[in-house]
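model-v1.pdb follows (PDB, C-alpha atoms):
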ATOM      1  CA  MET U   1     117.439 -93.924  87.265
ATOM      2  CA  THR U   2     117.756 -90.451  85.741
ATOM      3  CA  GLN U   3     120.708 -88.412  86.959
ATOM      4  CA  PRO U   4     119.346 -85.047  88.190
ATOM      5  CA  GLN U   5     121.937 -83.007  86.305
ATOM      6  CA  THR U   6     121.053 -84.571  82.954
ATOM      7  CA  ALA U   7     117.289 -84.965  83.075
ATOM      8  CA  PRO U   8     116.167 -84.845  79.441
ATOM      9  CA  GLU U   9     112.985 -82.844  80.016
ATOM     10  CA  VAL U  10     112.270 -80.234  82.686
ATOM     11  CA  ASN U  11     109.084 -78.885  81.124
ATOM     12  CA  GLY U  12     106.236 -80.919  82.583
ATOM     13  CA  ASP U  13     104.038 -80.134  79.545
ATOM     14  CA  SER U  14     106.465 -81.869  77.159
ATOM     15  CA  ARG U  15     106.926 -85.079  79.154
ATOM     16  CA  THR U  16     105.395 -88.321  78.036
ATOM     17  CA  ALA U  17     105.968 -89.994  81.421
ATOM     18  CA  PRO U  18     105.730 -88.738  85.007
ATOM     19  CA  LEU U  19     108.942 -87.685  86.769
ATOM     20  CA  LEU U  20     109.368 -88.551  90.445
ATOM     21  CA  LEU U  21     112.125 -86.885  92.457
ATOM     22  CA  VAL U  22     113.175 -89.112  95.372
ATOM     23  CA  ALA U  23     115.197 -87.686  98.266
ATOM     24  CA  ASP U  24     116.448 -90.431 100.545
ATOM     25  CA  PRO U  25     119.831 -91.060 102.186
ATOM     26  CA  GLU U  26     119.732 -94.800 101.367
ATOM     27  CA  THR U  27     120.945 -94.981  97.774
ATOM     28  CA  SER U  28     120.295 -98.715  97.439
ATOM     29  CA  LEU U  29     116.684 -98.228  98.483
ATOM     30  CA  VAL U  30     116.263 -95.416  95.938
ATOM     31  CA  GLN U  31     117.851 -97.487  93.177
ATOM     32  CA  GLY U  32     115.582-100.450  93.884
ATOM     33  CA  LEU U  33     112.536 -98.185  93.851
ATOM     34  CA  ALA U  34     113.701 -96.534  90.628
ATOM     35  CA  ASP U  35     114.179 -99.886  88.898
ATOM     36  CA  ALA U  36     110.671-100.988  89.876
ATOM     37  CA  LEU U  37     108.956 -97.704  88.953
ATOM     38  CA  GLU U  38     110.744 -97.319  85.644
ATOM     39  CA  ARG U  39     109.320-100.697  84.630
ATOM     40  CA  GLU U  40     105.914 -99.093  85.261
ATOM     41  CA  GLY U  41     106.646 -96.080  83.063
ATOM     42  CA  VAL U  42     107.784 -93.599  85.740
ATOM     43  CA  GLU U  43     111.035 -91.640  85.398
ATOM     44  CA  VAL U  44     112.921 -91.341  88.695
ATOM     45  CA  ALA U  45     115.630 -88.872  89.736
ATOM     46  CA  GLY U  46     117.357 -89.509  93.059
ATOM     47  CA  VAL U  47     119.197 -87.304  95.558
ATOM     48  CA  THR U  48     120.456 -88.064  99.055
ATOM     49  CA  ASP U  49     119.731 -84.954 101.144
ATOM     50  CA  GLY U  50     117.326 -82.057 101.531
ATOM     51  CA  ALA U  51     119.615 -79.414 100.062
ATOM     52  CA  GLN U  52     119.985 -81.368  96.809
ATOM     53  CA  ALA U  53     116.254 -82.010  96.825
ATOM     54  CA  LEU U  54     115.459 -78.294  96.983
ATOM     55  CA  LEU U  55     117.840 -77.565  94.130
ATOM     56  CA  GLN U  56     116.508 -80.334  91.894
ATOM     57  CA  ALA U  57     112.860 -79.612  92.709
ATOM     58  CA  GLY U  58     113.378 -76.250  91.034
ATOM     59  CA  ALA U  59     115.636 -77.470  88.226
ATOM     60  CA  LEU U  60     113.697 -80.577  87.183
ATOM     61  CA  GLN U  61     110.139 -79.462  87.928
ATOM     62  CA  PRO U  62     109.131 -83.022  88.907
ATOM     63  CA  ASP U  63     105.515 -84.110  88.902
ATOM     64  CA  VAL U  64     105.866 -85.539  92.424
ATOM     65  CA  VAL U  65     108.536 -85.370  95.139
ATOM     66  CA  LEU U  66     109.082 -88.220  97.599
ATOM     67  CA  VAL U  67     111.190 -87.392 100.659
ATOM     68  CA  SER U  68     112.303 -89.580 103.536
ATOM     69  CA  ALA U  69     111.298 -88.496 107.033
ATOM     70  CA  SER U  70     114.978 -88.998 107.996
ATOM     71  CA  LEU U  71     116.283 -86.627 105.314
ATOM     72  CA  PRO U  72     119.722 -85.150 106.242
ATOM     73  CA  VAL U  73     121.156 -81.610 105.827
ATOM     74  CA  ILE U  74     117.730 -80.022 105.390
ATOM     75  CA  GLY U  75     115.093 -82.063 107.175
ATOM     76  CA  ALA U  76     111.863 -83.260 105.592
ATOM     77  CA  VAL U  77     109.605 -80.784 107.400
ATOM     78  CA  GLU U  78     111.889 -77.851 106.530
ATOM     79  CA  PHE U  79     111.993 -79.072 102.932
ATOM     80  CA  VAL U  80     108.197 -79.108 102.704
ATOM     81  CA  ARG U  81     107.964 -75.588 104.129
ATOM     82  CA  ALA U  82     110.558 -74.295 101.675
ATOM     83  CA  VAL U  83     108.927 -75.946  98.650
ATOM     84  CA  ARG U  84     105.507 -74.631  99.593
ATOM     85  CA  LEU U  85     106.806 -71.038  99.430
ATOM     86  CA  ALA U  86     107.144 -71.337  95.654
ATOM     87  CA  ARG U  87     105.526 -74.523  94.337
ATOM     88  CA  THR U  88     102.401 -76.641  94.600
ATOM     89  CA  VAL U  89     104.076 -79.910  93.522
ATOM     90  CA  PRO U  90     102.739 -82.921  95.471
ATOM     91  CA  VAL U  91     105.182 -83.909  98.230
ATOM     92  CA  LEU U  92     104.988 -87.399  99.694
ATOM     93  CA  LEU U  93     106.659 -88.193 103.020
ATOM     94  CA  GLY U  94     108.186 -91.656 103.443
ATOM     95  CA  VAL U  95     107.631 -92.725 107.049
ATOM     96  CA  GLY U  96     108.419 -95.756 109.184
ATOM     97  CA  GLU U  97     108.191 -96.696 112.836
ATOM     98  CA  GLY U  98     108.939 -93.714 115.072
ATOM     99  CA  HIS U  99     108.089 -91.071 112.452
ATOM    100  CA  ALA U 100     104.565 -90.224 113.608
ATOM    101  CA  GLU U 101     105.563 -86.759 114.867
ATOM    102  CA  GLN U 102     107.393 -85.918 111.646
ATOM    103  CA  ALA U 103     104.317 -87.038 109.718
ATOM    104  CA  VAL U 104     102.043 -84.699 111.655
ATOM    105  CA  GLN U 105     104.443 -81.756 111.255
ATOM    106  CA  ALA U 106     105.028 -82.390 107.539
ATOM    107  CA  LEU U 107     101.308 -82.617 106.810
ATOM    108  CA  ALA U 108     100.762 -79.380 108.725
ATOM    109  CA  ALA U 109     103.534 -77.767 106.666
ATOM    110  CA  GLY U 110     101.843 -78.785 103.413
ATOM    111  CA  ALA U 111     102.915 -82.341 102.570
ATOM    112  CA  THR U 112     100.378 -84.082 100.355
ATOM    113  CA  ALA U 113     100.409 -87.528 101.966
ATOM    114  CA  CYS U 114     102.440 -90.016 103.969
ATOM    115  CA  VAL U 115     103.532 -93.318 102.451
ATOM    116  CA  ALA U 116     105.211 -96.322 103.989
ATOM    117  CA  ARG U 117     109.000 -96.598 103.976
ATOM    118  CA  PRO U 118     110.425 -99.009 102.760
ATOM    119  CA  TYR U 119     108.481 -97.833  99.738
ATOM    120  CA  ARG U 120     105.803 -99.912  98.036
ATOM    121  CA  VAL U 121     105.242 -99.547  94.324
ATOM    122  CA  PRO U 122     101.471-100.323  94.455
ATOM    123  CA  GLU U 123     101.032 -97.477  96.960
ATOM    124  CA  LEU U 124     103.116 -94.963  94.999
ATOM    125  CA  LEU U 125     101.931 -95.640  91.447
ATOM    126  CA  PRO U 126      98.390 -94.186  91.703
ATOM    127  CA  LEU U 127      99.728 -91.079  93.456
ATOM    128  CA  VAL U 128     102.417 -90.460  90.826
ATOM    129  CA  HIS U 129     100.244 -91.218  87.798
ATOM    130  CA  GLY U 130      97.365 -89.282  89.340
ATOM    131  CA  ALA U 131      99.521 -86.163  89.732
ATOM    132  CA  PHE U 132     100.838 -86.496  86.169
ATOM    133  CA  SER U 133      97.373 -86.880  84.645
ATOM    134  CA  GLY U 134      95.750 -84.286  86.842
ATOM    135  CA  GLU U 135      93.452 -86.871  88.394
ATOM    136  CA  PRO U 136      93.320 -87.589  92.153
ATOM    137  CA  GLY U 137      95.583 -90.456  93.156
ATOM    138  CA  GLY U 138      93.086 -92.857  94.558
ATOM    139  CA  ARG U 139      90.453 -92.295  97.193
ATOM    140  CA  ARG U 140      91.468 -89.802  99.846
ATOM    141  CA  THR U 141      88.884 -90.840 102.448
ATOM    142  CA  LEU U 142      87.666 -94.319 103.319
ATOM    143  CA  VAL U 143      84.466 -94.807 105.308
ATOM    144  CA  VAL U 144      83.265 -98.066 106.819
ATOM    145  CA  GLY U 145      80.308 -97.629 109.119
ATOM    146  CA  ARG U 146      81.252 -95.261 111.923
ATOM    147  CA  VAL U 147      84.970 -95.271 111.025
ATOM    148  CA  GLU U 148      86.412 -92.661 108.650
ATOM    149  CA  LEU U 149      90.058 -92.685 107.543
ATOM    150  CA  ASP U 150      91.638 -89.770 105.667
ATOM    151  CA  VAL U 151      94.692 -91.239 103.943
ATOM    152  CA  HIS U 152      96.391 -87.966 103.056
ATOM    153  CA  ALA U 153      95.731 -86.150 106.327
ATOM    154  CA  TYR U 154      96.783 -89.158 108.450
ATOM    155  CA  LEU U 155      93.506 -88.827 110.362
ATOM    156  CA  VAL U 156      90.984 -91.312 111.763
ATOM    157  CA  ARG U 157      87.554 -90.490 113.159
ATOM    158  CA  VAL U 158      85.065 -92.742 114.938
ATOM    159  CA  ASP U 159      81.542 -91.287 115.150
ATOM    160  CA  GLY U 160      83.124 -87.960 114.187
ATOM    161  CA  ARG U 161      85.644 -88.065 117.040
ATOM    162  CA  ALA U 162      89.330 -87.889 116.103
ATOM    163  CA  VAL U 163      91.347 -90.943 117.180
ATOM    164  CA  HIS U 164      95.154 -90.820 117.222
ATOM    165  CA  LEU U 165      96.816 -93.978 115.911
ATOM    166  CA  PRO U 166     100.514 -94.843 115.830
ATOM    167  CA  LEU U 167     101.761 -95.237 112.280
ATOM    168  CA  ARG U 168     101.691 -99.049 112.113
ATOM    169  CA  GLU U 169      98.158 -99.218 113.485
ATOM    170  CA  PHE U 170      97.098 -96.552 110.985
ATOM    171  CA  GLU U 171      98.546 -98.638 108.144
ATOM    172  CA  LEU U 172      96.859-101.765 109.492
ATOM    173  CA  LEU U 173      93.488-100.032 109.680
ATOM    174  CA  HIS U 174      94.015 -98.590 106.192
ATOM    175  CA  TYR U 175      94.660-102.059 104.782
ATOM    176  CA  LEU U 176      91.653-103.583 106.551
ATOM    177  CA  MET U 177      89.366-100.747 105.369
ATOM    178  CA  ARG U 178      90.583-101.086 101.783
ATOM    179  CA  ASN U 179      89.520-104.724 102.037
ATOM    180  CA  ALA U 180      86.381-104.140 104.101
ATOM    181  CA  HIS U 181      83.993-107.115 104.387
ATOM    182  CA  ARG U 182      86.668-109.454 103.002
ATOM    183  CA  THR U 183      88.830-111.829 105.015
ATOM    184  CA  VAL U 184      92.538-111.037 104.746
ATOM    185  CA  THR U 185      95.063-113.632 105.845
ATOM    186  CA  ARG U 186      97.842-113.033 108.321
ATOM    187  CA  GLU U 187     100.329-113.589 105.512
ATOM    188  CA  GLN U 188      98.679-110.854 103.430
ATOM    189  CA  ILE U 189      98.799-108.466 106.365
ATOM    190  CA  MET U 190     102.479-109.197 107.003
ATOM    191  CA  ARG U 191     103.268-108.607 103.338
ATOM    192  CA  HIS U 192     101.240-105.425 102.805
ATOM    193  CA  VAL U 193     101.533-103.725 106.208
ATOM    194  CA  TRP U 194     104.908-104.948 107.489
ATOM    195  CA  ASN U 195     106.438-105.492 104.033
ATOM    196  CA  SER U 196     107.579-108.896 105.266
ATOM    197  CA  THR U 197     107.073-112.535 104.350
ATOM    198  CA  GLU U 198     107.890-113.801 107.845
ATOM    199  CA  THR U 199     104.991-116.029 108.920
ATOM    200  CA  THR U 200     106.485-116.643 112.360
ATOM    201  CA  SER U 201     105.753-113.036 113.387
ATOM    202  CA  THR U 202     101.979-113.281 113.204
ATOM    203  CA  ASN U 203     101.750-112.766 116.980
ATOM    204  CA  THR U 204     102.867-109.208 116.192
ATOM    205  CA  ILE U 205      99.666-108.815 114.165
ATOM    206  CA  ALA U 206      97.518-110.028 117.051
ATOM    207  CA  VAL U 207      99.094-107.473 119.411
ATOM    208  CA  HIS U 208      98.513-104.606 116.957
ATOM    209  CA  VAL U 209      94.935-105.722 116.255
ATOM    210  CA  LYS U 210      94.214-105.795 119.993
ATOM    211  CA  ARG U 211      95.582-102.260 120.412
ATOM    212  CA  LEU U 212      93.709-101.035 117.349
ATOM    213  CA  ARG U 213      90.432-102.452 118.615
ATOM    214  CA  ALA U 214      90.925-100.690 121.938
ATOM    215  CA  ARG U 215      91.615 -97.332 120.310
ATOM    216  CA  LEU U 216      88.562 -97.658 118.050
ATOM    217  CA  GLY U 217      86.291 -98.685 120.925
ATOM    218  CA  ASP U 218      85.733-102.122 119.415
ATOM    219  CA  THR U 219      85.259-103.776 122.789
ATOM    220  CA  ASP U 220      83.243-106.730 121.496
ATOM    221  CA  ASP U 221      85.398-107.458 118.408
ATOM    222  CA  ARG U 222      82.469-106.817 116.063
ATOM    223  CA  LEU U 223      84.279-104.235 113.942
ATOM    224  CA  ILE U 224      87.506-106.168 113.430
ATOM    225  CA  GLN U 225      86.529-109.802 113.467
ATOM    226  CA  THR U 226      88.943-112.685 113.917
ATOM    227  CA  VAL U 227      88.555-115.438 111.351
ATOM    228  CA  ARG U 228      90.010-118.316 113.315
ATOM    229  CA  GLY U 229      92.992-119.974 111.698
ATOM    230  CA  VAL U 230      92.939-117.562 108.739
ATOM    231  CA  GLY U 231      93.160-113.855 109.573
ATOM    232  CA  TYR U 232      90.863-110.866 110.102
ATOM    233  CA  ARG U 233      87.866-109.127 108.559
ATOM    234  CA  LEU U 234      86.718-105.520 109.088
ATOM    235  CA  VAL U 235      82.965-105.039 108.736
ATOM    236  CA  ASP U 236      80.376-102.269 109.000
ATOM    237  CA  ARG U 237      79.033-102.910 112.468
ATOM    238  CA  THR U 238      76.209-100.379 111.955
ATOM    239  CA  ALA U 239      74.706-102.828 109.481
ATOM    240  CA  GLN U 240      74.861-105.543 112.137
ATOM    241  CA  ASP U 241      73.018-103.284 114.600
ATOM    242  CA  ARG U 242      70.035-102.692 112.261
ATOM    243  CA  PRO U 243      66.874-104.694 112.987
ATOM    244  CA  VAL U 244      66.096-107.483 110.543
ATOM    245  CA  GLY U 245      64.202-106.104 107.529
ATOM    246  CA  THR U 246      65.506-102.562 107.941
ATOM    247  CA  PRO U 247      66.922-101.208 104.644
TER     248      PRO U 247
END
Using structure tokens, write down the structure from this file.
Amino acid sequence: MTQPQTAPEVNGDSRTAPLLLVADPETSLVQGLADALEREGVEVAGVTDGAQALLQAGALQPDVVLVSASLPVIGAVEFVRAVRLARTVPVLLGVGEGHAEQAVQALAAGATACVARPYRVPELLPLVHGAFSGEPGGRRTLVVGRVELDVHAYLVRVDGRAVHLPLREFELLHYLMRNAHRTVTREQIMRHVWNSTETTSTNTIAVHVKRLRARLGDTDDRLIQTVRGVGYRLVDRTAQDRPVGTP
């Protein structure tokens, strides 16, 4: 992991690899993320509070900044507001359970997107490389039938009507929509949504699926289908409602 004070390049035009500035109070978490990302060709500089993050955001000119929702000294929302006064650098907010309000406030203040914390390399890589190359980091909006999910705005609409989802249900819906029309196992859901390999906690999935169905108005389980003994499948129920032979 690059030490902020000795970053070899601060001019983004002269870099050959993207630079991610991570601000998180858990140094072990940052180090683990840095080790994983550096194997993927991303330089990482780490700081532990919002004041350091503001200083290094100006000094290093990173391609992307990742800040924890529980950032000390200067909070994440205040950090986003301060950065947006001078810079347009993408700012990602790392959120976990109980951070829904911070997510809403940070996005309103100008944060680019929310990502899961503990951090997941497959989720971060397209955002970081996309910012470095000038290309969008993956699809911003997913649409399956009547359901629309805006990843960056943390927004879900059903038939054009906004639906508020707690963070974990949002992540669950995001994962199901990314794999629309495919069966995903309970083990895959635990790994990708809960970042866990515990197979004994699959009842947790069932509870969240039930709540998610209720919020989406899926009263007959035709949107999120249970594949008995395996997992779940999200499908376009508008296609099911078309008469046979209708294109």
**Residue nearest Arg146 (chain U) among U:Pro118, U:Gly58, U:Gly94, U:Gly217 (counting only C-alpha atoms)** =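 Among the listed residues, the smallest separation from Arg146 (chain U) belongs to U:Gly217.
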Take the PyMOL selection byres ((chain U and resi 142) around 10), run it mentally on this structure, and tell me the resulting residues as a compact mmCIF listing (two decimals) with C-alpha atoms, in the frame of the given file.
# COMPACT_ATOMS: atom_id res chain seq x y z
CA ARG U 139 90.45 -92.30 97.19
CA ARG U 140 91.47 -89.80 99.85
CA THR U 141 88.88 -90.84 102.45
CA VAL U 143 84.47 -94.81 105.31
CA VAL U 144 83.26 -98.07 106.82
CA GLY U 145 80.31 -97.63 109.12
CA VAL U 147 84.97 -95.27 111.02
CA GLU U 148 86.41 -92.66 108.65
CA LEU U 149 90.06 -92.68 107.54
CA ASP U 150 91.64 -89.77 105.67
CA VAL U 151 94.69 -91.24 103.94
CA VAL U 156 90.98 -91.31 111.76
CA HIS U 174 94.02 -98.59 106.19
CA MET U 177 89.37 -100.75 105.37
CA ARG U 178 90.58 -101.09 101.78
CA ALA U 180 86.38 -104.14 104.10
**Who sits within 12 Å of Leu107 (chain U), all atoms listed in the file, same chain under 6 positions skipped, as a VMD selection string** = chain U and resid 69 76 to 81 84 90 to 95 100 to 101 113 to 115 151 to 155
Residues just named, written with C-alpha atoms as a PDB file, keeping the file's coordinate frame:
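Below is the file that was written, part_16.pdb:
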ATOM      1  CA  ALA U  69     111.298 -88.496 107.033  1.00  0.00           C
ATOM      2  CA  ALA U  76     111.863 -83.260 105.592  1.00  0.00           C
ATOM      3  CA  VAL U  77     109.605 -80.784 107.400  1.00  0.00           C
ATOM      4  CA  GLU U  78     111.889 -77.851 106.530  1.00  0.00           C
ATOM      5  CA  PHE U  79     111.993 -79.072 102.932  1.00  0.00           C
ATOM      6  CA  VAL U  80     108.197 -79.108 102.704  1.00  0.00           C
ATOM      7  CA  ARG U  81     107.964 -75.588 104.129  1.00  0.00           C
ATOM      8  CA  ARG U  84     105.507 -74.631  99.593  1.00  0.00           C
ATOM      9  CA  PRO U  90     102.739 -82.921  95.471  1.00  0.00           C
ATOM     10  CA  VAL U  91     105.182 -83.909  98.230  1.00  0.00           C
ATOM     11  CA  LEU U  92     104.988 -87.399  99.694  1.00  0.00           C
ATOM     12  CA  LEU U  93     106.659 -88.193 103.020  1.00  0.00           C
ATOM     13  CA  GLY U  94     108.186 -91.656 103.443  1.00  0.00           C
ATOM     14  CA  VAL U  95     107.631 -92.725 107.049  1.00  0.00           C
ATOM     15  CA  ALA U 100     104.565 -90.224 113.608  1.00  0.00           C
ATOM     16  CA  GLU U 101     105.563 -86.759 114.867  1.00  0.00           C
ATOM     17  CA  ALA U 113     100.409 -87.528 101.966  1.00  0.00           C
ATOM     18  CA  CYS U 114     102.440 -90.016 103.969  1.00  0.00           C
ATOM     19  CA  VAL U 115     103.532 -93.318 102.451  1.00  0.00           C
ATOM     20  CA  VAL U 151      94.692 -91.239 103.943  1.00  0.00           C
ATOM     21  CA  HIS U 152      96.391 -87.966 103.056  1.00  0.00           C
ATOM     22  CA  ALA U 153      95.731 -86.150 106.327  1.00  0.00           C
ATOM     23  CA  TYR U 154      96.783 -89.158 108.450  1.00  0.00           C
ATOM     24  CA  LEU U 155      93.506 -88.827 110.362  1.00  0.00           C
TER      25      LEU U 155
END
Got a sec to resolve the PyMOL selection byres ((chain U and resi 39-55) around 7) on this structure and send the residues as a PDB file with C-alpha atoms, in the frame of the given file?
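Listing of result_37.pdb after writing:
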ATOM      1  CA  MET U   1     117.439 -93.924  87.265  1.00  0.00           C
ATOM      2  CA  THR U   2     117.756 -90.451  85.741  1.00  0.00           C
ATOM      3  CA  GLN U   3     120.708 -88.412  86.959  1.00  0.00           C
ATOM      4  CA  PRO U   4     119.346 -85.047  88.190  1.00  0.00           C
ATOM      5  CA  ALA U  17     105.968 -89.994  81.421  1.00  0.00           C
ATOM      6  CA  PRO U  18     105.730 -88.738  85.007  1.00  0.00           C
ATOM      7  CA  LEU U  19     108.942 -87.685  86.769  1.00  0.00           C
ATOM      8  CA  LEU U  20     109.368 -88.551  90.445  1.00  0.00           C
ATOM      9  CA  LEU U  21     112.125 -86.885  92.457  1.00  0.00           C
ATOM     10  CA  VAL U  22     113.175 -89.112  95.372  1.00  0.00           C
ATOM     11  CA  ALA U  23     115.197 -87.686  98.266  1.00  0.00           C
ATOM     12  CA  ASP U  24     116.448 -90.431 100.545  1.00  0.00           C
ATOM     13  CA  PRO U  25     119.831 -91.060 102.186  1.00  0.00           C
ATOM     14  CA  VAL U  30     116.263 -95.416  95.938  1.00  0.00           C
ATOM     15  CA  ALA U  34     113.701 -96.534  90.628  1.00  0.00           C
ATOM     16  CA  ASP U  35     114.179 -99.886  88.898  1.00  0.00           C
ATOM     17  CA  ALA U  36     110.671-100.988  89.876  1.00  0.00           C
ATOM     18  CA  LEU U  37     108.956 -97.704  88.953  1.00  0.00           C
ATOM     19  CA  GLU U  38     110.744 -97.319  85.644  1.00  0.00           C
ATOM     20  CA  GLN U  56     116.508 -80.334  91.894  1.00  0.00           C
ATOM     21  CA  ALA U  57     112.860 -79.612  92.709  1.00  0.00           C
ATOM     22  CA  GLY U  58     113.378 -76.250  91.034  1.00  0.00           C
ATOM     23  CA  ALA U  59     115.636 -77.470  88.226  1.00  0.00           C
ATOM     24  CA  LEU U  71     116.283 -86.627 105.314  1.00  0.00           C
ATOM     25  CA  PRO U  72     119.722 -85.150 106.242  1.00  0.00           C
ATOM     26  CA  VAL U  73     121.156 -81.610 105.827  1.00  0.00           C
ATOM     27  CA  ILE U  74     117.730 -80.022 105.390  1.00  0.00           C
ATOM     28  CA  GLY U  75     115.093 -82.063 107.175  1.00  0.00           C
ATOM     29  CA  ALA U  76     111.863 -83.260 105.592  1.00  0.00           C
ATOM     30  CA  PHE U  79     111.993 -79.072 102.932  1.00  0.00           C
TER      31      PHE U  79
END
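If you look at CA of Val67 (chain U) and CA of Leu33 (chain U), they are 12.8 Å away from each other.
Picked by the PyMOL selection byres ((chain U and resi 189) around 9) from the coordinates shown: Leu172, Tyr175, Leu176, Val184, Thr185, Arg186, Glu187, Gln188, Met190, Arg191, His192, Val193, Trp194, Asn195, Ser196, Thr202, Ile205 and Gly231 of chain U.
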**Request:** Would you mind reading off the distance between CA of Pro62 (chain U) and CA of Leu29 (chain U), one decimal, in Å?
**Result:** 19.5 Å
